[in-house]
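Source file input_34.txt; content: compact mmCIF, C-alpha atoms.
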```txt
# COMPACT_ATOMS: atom_id res chain seq x y z
CA MET A 1 -96.84 -76.23 -41.68
CA GLU A 2 -99.17 -73.56 -43.05
CA LEU A 3 -98.26 -72.81 -46.66
CA THR A 4 -101.24 -70.79 -47.88
CA TRP A 5 -99.14 -67.62 -47.92
CA MET A 6 -97.10 -69.19 -50.71
CA ALA A 7 -100.28 -69.36 -52.81
CA TRP A 8 -99.41 -72.64 -54.55
CA THR A 9 -101.26 -73.65 -57.68
CA TRP A 10 -101.00 -76.90 -59.64
CA PRO A 11 -99.45 -75.29 -62.75
CA THR A 12 -96.73 -73.50 -60.74
CA ALA A 13 -96.09 -76.65 -58.68
CA ALA A 14 -95.75 -78.60 -61.95
CA PHE A 15 -93.34 -75.95 -63.25
CA PHE A 16 -91.08 -76.22 -60.19
CA GLY A 17 -91.48 -80.01 -60.23
CA PHE A 18 -90.18 -80.00 -63.81
CA ILE A 19 -87.16 -77.87 -62.82
CA ALA A 20 -86.49 -80.22 -59.86
CA LEU A 21 -86.76 -83.26 -62.16
CA CYS A 22 -84.29 -81.68 -64.59
CA LEU A 23 -81.82 -81.12 -61.74
CA ILE A 24 -82.26 -84.69 -60.45
CA ALA A 25 -81.79 -86.07 -63.98
CA MET A 26 -78.66 -83.95 -64.43
CA THR A 27 -77.29 -85.17 -61.08
CA ILE A 28 -77.89 -88.82 -62.01
CA ARG A 29 -76.28 -88.24 -65.42
CA GLU A 30 -73.28 -86.60 -63.75
CA LEU A 31 -72.91 -89.54 -61.33
CA THR A 32 -73.05 -92.07 -64.18
CA VAL A 33 -71.00 -90.06 -66.69
CA PRO A 34 -68.85 -87.65 -64.63
CA GLY A 35 -67.07 -84.63 -66.06
CA GLY A 36 -70.03 -82.59 -67.34
CA ALA A 37 -69.46 -83.51 -71.01
CA PRO A 38 -67.60 -80.29 -71.88
CA ARG A 39 -67.78 -79.17 -75.50
CA HIS A 40 -66.83 -76.25 -77.72
CA GLY A 41 -70.15 -75.48 -79.39
CA ILE A 42 -71.24 -73.54 -82.47
CA LEU A 43 -71.50 -70.27 -80.53
CA GLY A 44 -67.80 -70.54 -79.70
CA LEU A 45 -68.59 -71.19 -76.03
CA ASP A 46 -67.15 -73.95 -73.88
CA THR A 47 -70.20 -75.47 -72.21
CA THR A 48 -70.92 -78.36 -69.88
CA ARG A 49 -74.30 -80.07 -69.82
CA GLY A 50 -75.29 -77.92 -66.81
CA ASP A 51 -74.51 -74.78 -68.85
CA ARG A 52 -76.60 -76.14 -71.68
CA LEU A 53 -79.56 -76.72 -69.34
CA PHE A 54 -79.20 -73.16 -68.00
CA ILE A 55 -79.04 -71.70 -71.55
CA SER A 56 -82.09 -73.77 -72.51
CA LEU A 57 -84.15 -72.61 -69.51
CA LEU A 58 -83.13 -68.96 -69.77
CA GLY A 59 -83.70 -68.87 -73.52
CA SER A 60 -87.07 -70.60 -73.08
CA GLY A 61 -88.09 -67.90 -70.58
CA TYR A 62 -87.39 -65.27 -73.24
CA ILE A 63 -89.21 -67.29 -75.93
CA PHE A 64 -92.32 -67.39 -73.73
CA LEU A 65 -92.09 -63.67 -72.95
CA ALA A 66 -91.60 -62.77 -76.62
CA TRP A 67 -94.59 -64.94 -77.58
CA LEU A 68 -96.73 -63.32 -74.89
CA GLY A 69 -95.75 -59.81 -75.94
CA LEU A 70 -95.97 -60.35 -79.71
CA VAL A 71 -98.53 -63.13 -80.29
CA GLY A 72 -100.85 -63.65 -77.32
CA PRO A 73 -101.66 -65.71 -74.24
CA ASN A 74 -102.01 -69.09 -76.00
CA LEU A 75 -98.58 -70.49 -75.22
CA TRP A 76 -98.54 -73.85 -77.06
CA GLY A 77 -96.63 -72.33 -79.98
CA ALA A 78 -94.05 -70.90 -77.56
CA LEU A 79 -93.71 -74.29 -75.88
CA ALA A 80 -93.02 -75.96 -79.25
CA ILE A 81 -90.38 -73.34 -80.12
CA ALA A 82 -88.81 -73.66 -76.65
CA LEU A 83 -88.56 -77.46 -76.99
CA VAL A 84 -86.92 -77.17 -80.42
CA TYR A 85 -84.60 -74.49 -79.03
CA ALA A 86 -83.63 -76.68 -76.03
CA PHE A 87 -82.97 -79.64 -78.35
CA CYS A 88 -80.73 -77.44 -80.55
CA VAL A 89 -78.86 -76.13 -77.48
CA PHE A 90 -78.20 -79.65 -76.16
CA ARG A 91 -77.22 -80.88 -79.63
CA TRP A 92 -75.00 -78.08 -80.95
CA VAL A 93 -74.20 -75.36 -78.36
CA MET B 1 -52.09 -91.45 -60.91
CA ASN B 2 -55.86 -91.81 -60.76
CA LYS B 3 -57.85 -88.97 -59.21
CA THR B 4 -60.00 -90.06 -56.26
CA VAL B 5 -63.65 -89.13 -56.71
CA ASN B 6 -65.20 -88.16 -53.38
CA GLN B 7 -68.73 -86.85 -53.71
CA LYS B 8 -69.20 -86.69 -49.92
CA ALA B 9 -67.75 -83.19 -49.99
CA TRP B 10 -71.08 -82.02 -51.43
CA PHE B 11 -72.66 -82.54 -47.99
CA PHE B 12 -70.60 -79.60 -46.74
CA VAL B 13 -72.53 -77.41 -49.18
CA LEU B 14 -75.84 -78.49 -47.64
CA PRO B 15 -76.04 -75.75 -44.93
CA VAL B 16 -75.48 -73.03 -47.54
CA LEU B 17 -78.05 -74.66 -49.81
CA LEU B 18 -80.60 -74.62 -46.99
CA LEU B 19 -79.83 -70.98 -46.22
CA VAL B 20 -80.17 -69.98 -49.88
CA ALA B 21 -83.40 -72.03 -50.08
CA PHE B 22 -84.94 -70.04 -47.25
CA ASN B 23 -83.81 -66.58 -48.25
CA ALA B 24 -83.92 -66.84 -52.06
CA ILE B 25 -85.58 -69.91 -53.55
CA ILE B 26 -88.73 -69.97 -51.40
CA PRO B 27 -89.43 -66.22 -51.88
CA LEU B 28 -88.80 -66.65 -55.63
CA MET B 29 -91.26 -69.56 -55.74
CA THR B 30 -93.81 -67.39 -53.94
CA VAL B 31 -93.31 -64.61 -56.49
CA VAL B 32 -93.89 -67.11 -59.31
CA ASN B 33 -97.09 -68.25 -57.58
CA TYR B 34 -98.29 -64.66 -57.13
CA SER B 35 -97.52 -63.79 -60.74
CA VAL B 36 -100.26 -66.08 -62.08
CA GLN B 37 -102.95 -65.09 -59.58
CA GLU B 38 -105.06 -62.16 -58.46
CA THR B 39 -105.39 -61.44 -54.76
CA PHE B 40 -107.60 -59.14 -52.75
CA GLY B 41 -105.83 -59.82 -49.46
CA ALA B 42 -106.57 -62.29 -46.63
CA ASN B 43 -104.76 -65.06 -48.55
CA THR B 44 -107.54 -65.29 -51.11
CA PHE B 45 -106.24 -65.97 -54.60
CA PHE B 46 -107.87 -66.30 -58.01
CA TRP B 47 -106.20 -67.86 -61.01
CA ALA B 48 -105.22 -65.28 -63.63
CA GLY B 49 -102.92 -67.33 -65.86
CA VAL B 50 -100.38 -65.32 -67.84
CA ARG B 51 -102.57 -62.20 -67.90
CA TRP B 52 -100.23 -60.10 -65.74
CA PHE B 53 -97.23 -60.96 -67.87
CA GLY B 54 -99.09 -59.90 -71.00
CA GLU B 55 -100.23 -56.67 -69.36
CA VAL B 56 -96.76 -55.80 -68.07
CA LEU B 57 -95.10 -56.56 -71.43
CA GLN B 58 -97.55 -54.31 -73.26
CA SER B 59 -97.67 -51.56 -70.64
CA GLU B 60 -96.22 -48.19 -71.62
CA ARG B 61 -95.42 -47.56 -67.98
CA PHE B 62 -93.12 -50.64 -67.88
CA HIS B 63 -91.49 -49.69 -71.18
CA ALA B 64 -90.82 -46.18 -69.86
CA SER B 65 -89.32 -47.44 -66.56
CA LEU B 66 -87.18 -50.00 -68.39
CA GLY B 67 -86.00 -47.30 -70.81
CA ARG B 68 -85.08 -45.01 -67.92
CA GLN B 69 -83.34 -47.88 -66.15
CA LEU B 70 -81.26 -48.78 -69.22
CA PHE B 71 -80.43 -45.11 -69.81
CA PHE B 72 -79.30 -44.72 -66.19
CA THR B 73 -77.25 -47.94 -66.17
CA PHE B 74 -75.44 -47.30 -69.46
CA THR B 75 -74.83 -43.63 -68.66
CA ILE B 76 -73.18 -44.39 -65.33
CA LEU B 77 -71.13 -47.21 -66.89
CA ILE B 78 -69.91 -44.89 -69.67
CA ILE B 79 -68.85 -42.32 -67.05
CA GLU B 80 -67.64 -44.49 -64.16
CA ILE B 81 -65.46 -47.00 -65.98
CA PRO B 82 -63.17 -44.55 -67.88
CA LEU B 83 -63.16 -42.15 -64.92
CA GLY B 84 -62.26 -44.95 -62.52
CA VAL B 85 -59.40 -46.09 -64.77
CA ALA B 86 -58.14 -42.49 -65.13
CA VAL B 87 -58.15 -41.95 -61.35
CA ALA B 88 -56.42 -45.31 -60.76
CA LEU B 89 -53.72 -44.37 -63.28
CA ALA B 90 -53.20 -41.04 -61.52
CA MET B 91 -52.83 -42.63 -58.08
CA PRO B 92 -49.32 -43.22 -56.69
CA ARG B 93 -48.04 -46.83 -56.66
CA LYS B 94 -45.45 -46.31 -53.89
CA GLY B 95 -44.95 -44.05 -50.88
CA PRO B 96 -47.02 -42.68 -48.00
CA TRP B 97 -49.75 -41.24 -50.27
CA VAL B 98 -50.88 -44.70 -51.33
CA SER B 99 -52.74 -45.31 -48.04
CA VAL B 100 -54.22 -41.80 -48.03
CA CYS B 101 -55.54 -42.24 -51.57
CA LEU B 102 -56.91 -45.73 -50.90
CA VAL B 103 -58.73 -44.65 -47.72
CA SER B 104 -60.14 -41.56 -49.44
CA MET B 105 -61.35 -43.71 -52.30
CA ALA B 106 -62.94 -46.24 -49.96
CA LEU B 107 -64.88 -43.63 -47.94
CA PRO B 108 -67.90 -43.17 -50.26
CA LEU B 109 -68.31 -46.96 -50.38
CA LEU B 110 -68.65 -47.12 -46.59
CA ILE B 111 -71.60 -44.74 -46.40
CA PRO B 112 -75.01 -46.44 -46.19
CA TRP B 113 -77.08 -46.01 -49.36
CA ASN B 114 -79.97 -44.14 -47.73
CA VAL B 115 -77.48 -41.73 -46.12
CA VAL B 116 -75.92 -41.08 -49.56
CA GLY B 117 -79.38 -40.17 -50.86
CA ALA B 118 -80.01 -37.88 -47.87
CA ILE B 119 -76.58 -36.21 -48.20
CA TRP B 120 -77.14 -35.46 -51.88
CA ASN B 121 -80.70 -34.31 -51.28
CA ILE B 122 -79.50 -31.67 -48.83
CA PHE B 123 -76.38 -30.88 -50.88
CA ALA B 124 -78.39 -30.26 -54.06
CA LEU B 125 -81.39 -28.38 -52.65
CA PRO B 126 -81.66 -25.13 -54.64
CA ASP B 127 -82.38 -22.90 -51.63
CA ILE B 128 -80.09 -24.26 -48.88
CA GLY B 129 -77.82 -26.86 -50.54
CA LEU B 130 -74.21 -26.03 -51.37
CA LEU B 131 -74.42 -27.38 -54.93
CA GLY B 132 -77.89 -25.97 -55.59
CA ARG B 133 -77.09 -22.50 -54.32
CA MET B 134 -73.73 -22.43 -56.08
CA LEU B 135 -75.21 -23.38 -59.47
CA ASN B 136 -78.02 -20.86 -59.11
CA GLY B 137 -75.48 -18.28 -57.90
CA ILE B 138 -73.49 -18.56 -61.13
CA GLY B 139 -76.63 -18.09 -63.19
CA ILE B 140 -77.64 -21.71 -63.93
CA ASP B 141 -81.34 -22.29 -63.32
CA TYR B 142 -81.01 -25.50 -61.30
CA ASN B 143 -83.80 -27.17 -59.32
CA PHE B 144 -83.75 -30.97 -59.15
CA THR B 145 -87.14 -31.10 -57.44
CA ARG B 146 -88.89 -29.42 -60.40
CA GLN B 147 -86.83 -29.94 -63.56
CA PRO B 148 -86.39 -33.51 -64.89
CA GLU B 149 -82.99 -32.75 -66.53
CA ASP B 150 -81.66 -31.41 -63.23
CA ALA B 151 -83.02 -34.46 -61.38
CA TRP B 152 -81.25 -36.78 -63.84
CA PHE B 153 -78.03 -34.76 -63.58
CA THR B 154 -78.14 -35.03 -59.77
CA VAL B 155 -78.99 -38.74 -59.69
CA ILE B 156 -76.16 -39.56 -62.12
CA LEU B 157 -73.68 -37.29 -60.32
CA MET B 158 -74.59 -38.93 -57.00
CA ASP B 159 -74.04 -42.42 -58.40
CA VAL B 160 -70.73 -41.39 -59.97
CA TRP B 161 -69.62 -39.92 -56.63
CA HIS B 162 -70.69 -43.01 -54.71
CA TRP B 163 -69.51 -45.81 -56.97
CA THR B 164 -66.58 -44.63 -59.12
CA SER B 165 -64.38 -45.51 -56.14
CA LEU B 166 -65.18 -49.18 -56.60
CA VAL B 167 -63.93 -49.05 -60.19
CA VAL B 168 -60.86 -47.11 -59.02
CA LEU B 169 -59.99 -49.71 -56.38
CA LEU B 170 -60.45 -52.62 -58.78
CA ALA B 171 -58.48 -50.91 -61.57
CA TYR B 172 -55.77 -49.95 -59.09
CA ALA B 173 -55.51 -53.58 -57.92
CA GLY B 174 -55.06 -54.59 -61.57
CA LEU B 175 -52.40 -51.91 -62.11
CA VAL B 176 -50.27 -52.76 -59.08
CA SER B 177 -50.22 -56.41 -60.06
CA ILE B 178 -48.28 -55.61 -63.27
CA PRO B 179 -44.61 -56.59 -62.75
CA ASP B 180 -42.00 -53.84 -63.21
CA ALA B 181 -40.33 -55.90 -65.95
CA TYR B 182 -43.14 -54.93 -68.35
CA TYR B 183 -42.51 -51.21 -67.78
CA GLN B 184 -38.74 -51.69 -68.09
CA ALA B 185 -39.20 -53.48 -71.43
CA ALA B 186 -41.51 -50.69 -72.61
CA LYS B 187 -38.92 -48.09 -71.59
CA ILE B 188 -36.19 -49.90 -73.53
CA ASP B 189 -38.47 -49.97 -76.59
CA GLY B 190 -39.11 -46.23 -76.16
CA ALA B 191 -42.87 -46.69 -75.68
CA LYS B 192 -44.94 -43.56 -75.02
CA ALA B 193 -47.49 -43.30 -72.17
CA TRP B 194 -50.40 -44.11 -74.52
CA ALA B 195 -48.63 -47.24 -75.88
CA ILE B 196 -47.90 -48.41 -72.32
CA PHE B 197 -51.56 -47.96 -71.42
CA ARG B 198 -52.87 -49.58 -74.60
CA TYR B 199 -50.56 -52.59 -74.77
CA ILE B 200 -49.58 -53.24 -71.12
CA GLN B 201 -51.93 -51.68 -68.58
CA LEU B 202 -55.26 -52.11 -70.35
CA PRO B 203 -54.78 -55.81 -71.23
CA LYS B 204 -53.63 -56.50 -67.67
CA MET B 205 -56.67 -54.69 -66.25
CA LYS B 206 -59.09 -56.49 -68.59
CA ARG B 207 -60.16 -59.04 -66.00
CA VAL B 208 -60.73 -56.62 -63.11
CA LEU B 209 -62.49 -54.19 -65.43
CA THR B 210 -64.87 -56.94 -66.54
CA ILE B 211 -65.62 -57.61 -62.87
CA ALA B 212 -66.10 -53.86 -62.31
CA ILE B 213 -68.51 -53.60 -65.26
CA LEU B 214 -70.44 -56.66 -64.07
CA LEU B 215 -70.71 -55.36 -60.49
CA ARG B 216 -71.67 -51.84 -61.55
CA PHE B 217 -74.18 -53.15 -64.05
CA MET B 218 -75.85 -55.39 -61.47
CA ASP B 219 -75.86 -52.74 -58.74
CA SER B 220 -77.09 -49.93 -60.95
CA PHE B 221 -79.77 -52.10 -62.52
CA ASN B 222 -81.04 -52.94 -59.02
CA ILE B 223 -80.61 -49.43 -57.61
CA TYR B 224 -83.47 -48.23 -55.44
CA THR B 225 -82.52 -46.49 -52.20
CA GLU B 226 -80.33 -43.60 -53.36
CA PRO B 227 -82.57 -42.20 -56.14
CA PHE B 228 -85.67 -42.87 -54.04
CA VAL B 229 -84.32 -40.84 -51.12
CA LEU B 230 -82.99 -38.12 -53.46
CA THR B 231 -85.91 -37.58 -55.85
CA GLY B 232 -88.61 -40.10 -54.86
CA GLY B 233 -88.77 -41.02 -58.58
CA GLY B 234 -89.75 -37.46 -59.53
CA PRO B 235 -90.37 -34.84 -60.64
CA GLY B 236 -93.43 -36.64 -61.98
CA ASN B 237 -92.05 -39.99 -63.06
CA ALA B 238 -88.84 -38.55 -64.55
CA THR B 239 -86.44 -40.59 -62.41
CA THR B 240 -88.72 -43.54 -61.64
CA LEU B 241 -86.38 -46.42 -62.32
CA LEU B 242 -87.54 -50.03 -62.64
CA SER B 243 -87.11 -50.91 -58.96
CA ILE B 244 -88.89 -47.74 -57.78
CA ASP B 245 -91.78 -48.46 -60.16
CA LEU B 246 -91.91 -52.05 -58.95
CA VAL B 247 -92.17 -50.96 -55.31
CA LYS B 248 -94.89 -48.44 -56.24
CA ILE B 249 -96.94 -51.20 -57.89
CA ALA B 250 -96.32 -53.79 -55.16
CA LEU B 251 -96.54 -51.69 -52.00
CA GLY B 252 -98.15 -48.45 -53.16
CA GLN B 253 -100.97 -49.91 -55.22
CA PHE B 254 -100.80 -53.38 -53.63
CA ASP B 255 -101.15 -55.00 -57.08
CA LEU B 256 -99.24 -58.12 -56.12
CA GLY B 257 -99.94 -60.10 -59.31
CA PRO B 258 -98.64 -57.48 -61.81
CA ALA B 259 -95.78 -56.64 -59.42
CA ALA B 260 -94.77 -60.32 -59.25
CA ALA B 261 -94.92 -60.64 -63.06
CA MET B 262 -92.82 -57.49 -63.40
CA SER B 263 -90.32 -58.84 -60.83
CA LEU B 264 -89.86 -62.02 -62.83
CA ILE B 265 -89.31 -60.13 -66.09
CA TYR B 266 -86.85 -57.87 -64.23
CA PHE B 267 -85.13 -61.00 -62.84
CA LEU B 268 -84.83 -62.55 -66.31
CA ILE B 269 -83.25 -59.37 -67.70
CA ILE B 270 -80.66 -59.31 -64.90
CA LEU B 271 -80.03 -63.04 -65.27
CA LEU B 272 -79.38 -62.69 -69.01
CA PHE B 273 -76.97 -59.77 -68.64
CA SER B 274 -75.17 -61.47 -65.74
CA TRP B 275 -74.79 -64.64 -67.76
CA ILE B 276 -73.40 -62.70 -70.73
CA PHE B 277 -70.89 -60.88 -68.50
CA TYR B 278 -69.95 -64.09 -66.69
CA THR B 279 -69.40 -65.91 -69.99
CA VAL B 280 -67.25 -63.08 -71.36
CA MET B 281 -65.30 -62.97 -68.09
CA THR B 282 -64.59 -66.70 -67.96
CA ARG B 283 -63.64 -66.71 -71.67
CA ASN B 284 -61.11 -63.94 -70.98
CA GLU B 285 -59.67 -66.01 -68.14
CA GLU B 286 -59.33 -69.08 -70.37
CA GLN B 287 -57.62 -67.04 -73.08
```
Could I get this file's structure written as structure tokens?
Amino acid sequence: MELTWMAWTWPTAAFFGFIALCLIAMTIRELTVPGGAPRHGILGLDTTRGDRLFISLLGSGYIFLAWLGLVGPNLWGALAIALVYAFCVFRWV
Amino acid sequence: MNKTVNQKAWFFVLPVLLLVAFNAIIPLMTVVNYSVQETFGANTFFWAGVRWFGEVLQSERFHASLGRQLFFTFTILIIEIPLGVAVALAMPRKGPWVSVCLVSMALPLLIPWNVVGAIWNIFALPDIGLLGRMLNGIGIDYNFTRQPEDAWFTVILMDVWHWTSLVVLLAYAGLVSIPDAYYQAAKIDGAKAWAIFRYIQLPKMKRVLTIAILLRFMDSFNIYTEPFVLTGGGPGNATTLLSIDLVKIALGQFDLGPAAAMSLIYFLIILLFSWIFYTVMTRNEEQ
């Protein structure tokens, strides 16, 4: 199948691969520990682990955009903040 | 009794998943791929990294379109939600007029979006349109094709005309679901109309109103056809909303990279607001 119109690049493929891996890992976790690990977090929200992944990814998107708009195109700093943010979300939200 | 876990049911979701993959996920992946590259056509791409994102985020044009979009969305929400509730409260709950009112309310929703734009374009034209001629006839200098304020007034009026009905129907559904016992209790307590609205009707409509706000927010933030047909984004760029600007960049200028970056930023904004509304909505349900 011809896929040149999709204009794949290695970085974007790695990005989607990472999302796919997250979803597979979440599925395996759900099969081993069913129920979604619901919790009432510090934001006052009732979240499952799927919600926490979504909040992590969405928030990370905004962290990268804010970094790009305010700091510049070198995104390592944004990646570090996003990882800390995702850890905090999974730990406390 | 132990609950039986049967994960096989997930296979029934597979056809929908495939459908969504073809019409949403694959195009979204393509947009992500385009957003980090430059193309000059003929499927030739050059890596550009995050350059387009940086350019879009710092572009005054994007800030202006986003500002106009937010102004439009919040203005129509401020008008349509209270107006929709007021109309729903005024509608009869029993009798033959119920059907007449419901059908009348549903009519604007049945008209295709491009036809709504065309209707309002003709209706508001200053030389031949009923609204345009009437306003000019009573001494108001009105010309939506030349004056930005008039264009905004017409675009907002058109959206209010087209979509307030949706809020009315949802609010009405919330109102008719309130059991008579609540009103009888209020009557015994001697509650006035305002108290009935504040302590019975409004809390009971909370859920449908949240849905109405979510739907109207999403629709108005994505709006393209009606204002495009009515004003074409003009005069100048006065009514160029985010989606109109996006189409101009993608199809007018054929700048696919910046357009893809802008689409993804647009998508993230909508995703955030939708998530906030969804969270508020589900919290209300739990409470």
Using all atoms listed in the file, find which residues of chain A lie within 12 Å of chain B and jot them down as a PyMOL selection string. chain A and resi 2-17+19+27+30-31+34-35+40+43-47+51+54-75
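Look at everything within 10 Å of (-76.0, -43.4, -49.5) using only C-alpha atoms, and the residues you get are Pro108, Leu109, Leu110, Ile111, Pro112, Trp113, Asn114, Val115, Val116, Gly117, Ala118, Ile119, Trp120, Met158, Asp159, His162, Thr225, Glu226, Pro227, Val229 and Leu230 of chain B.
Using only C-alpha atoms for every distance, the candidate list B:Ile249, B:Ala21, B:Ala193, B:Leu102 yields B:Leu102 as the residue closest to Ser165 in chain B.
Note that the spacing between CA of Trp97 in chain B and CA of Lys187 in chain B amounts to 24.9 Å.
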Please tell me which residues are no farther than 12 Å from (-74.1, -45.6, -67.4) in the file, counting all atoms listed in the file, and write them as a PyMOL selection string. chain B and resi 68-83+152+155-157+159-160+163-164+213+216-221
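Using all atoms listed in the file, the protein and nucleic acid residues lying no more than 8 Å from range 233-237 of chain B, apart from those fewer than 4 places from it along its own chain, are Phe144, Thr145, Arg146, Gln147, Pro148, Ala151, Pro227, Phe228, Leu241 and Ile244 of chain B.
With all atoms listed in the file as the atoms that count, the residue of B:Gly67, B:Gly41, B:Pro15, B:Gly174 with the shortest distance to Ala88 in chain B is B:Gly174.
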Could you jot down the CA of Ala80 in chain A to CA of Arg49 in chain A separation for me, Å, one decimal place? 21.4 Å
State, in Å with one decimal place, the distance from CA of Thr239 in chain B to CA of Phe153 in chain B. 10.3 Å
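Between Val93 in chain A and the candidates A:Leu53, A:Val33, A:Ala25, A:Ala20, the tightest atom-to-atom separation, counting all atoms listed in the file, involves A:Leu53.
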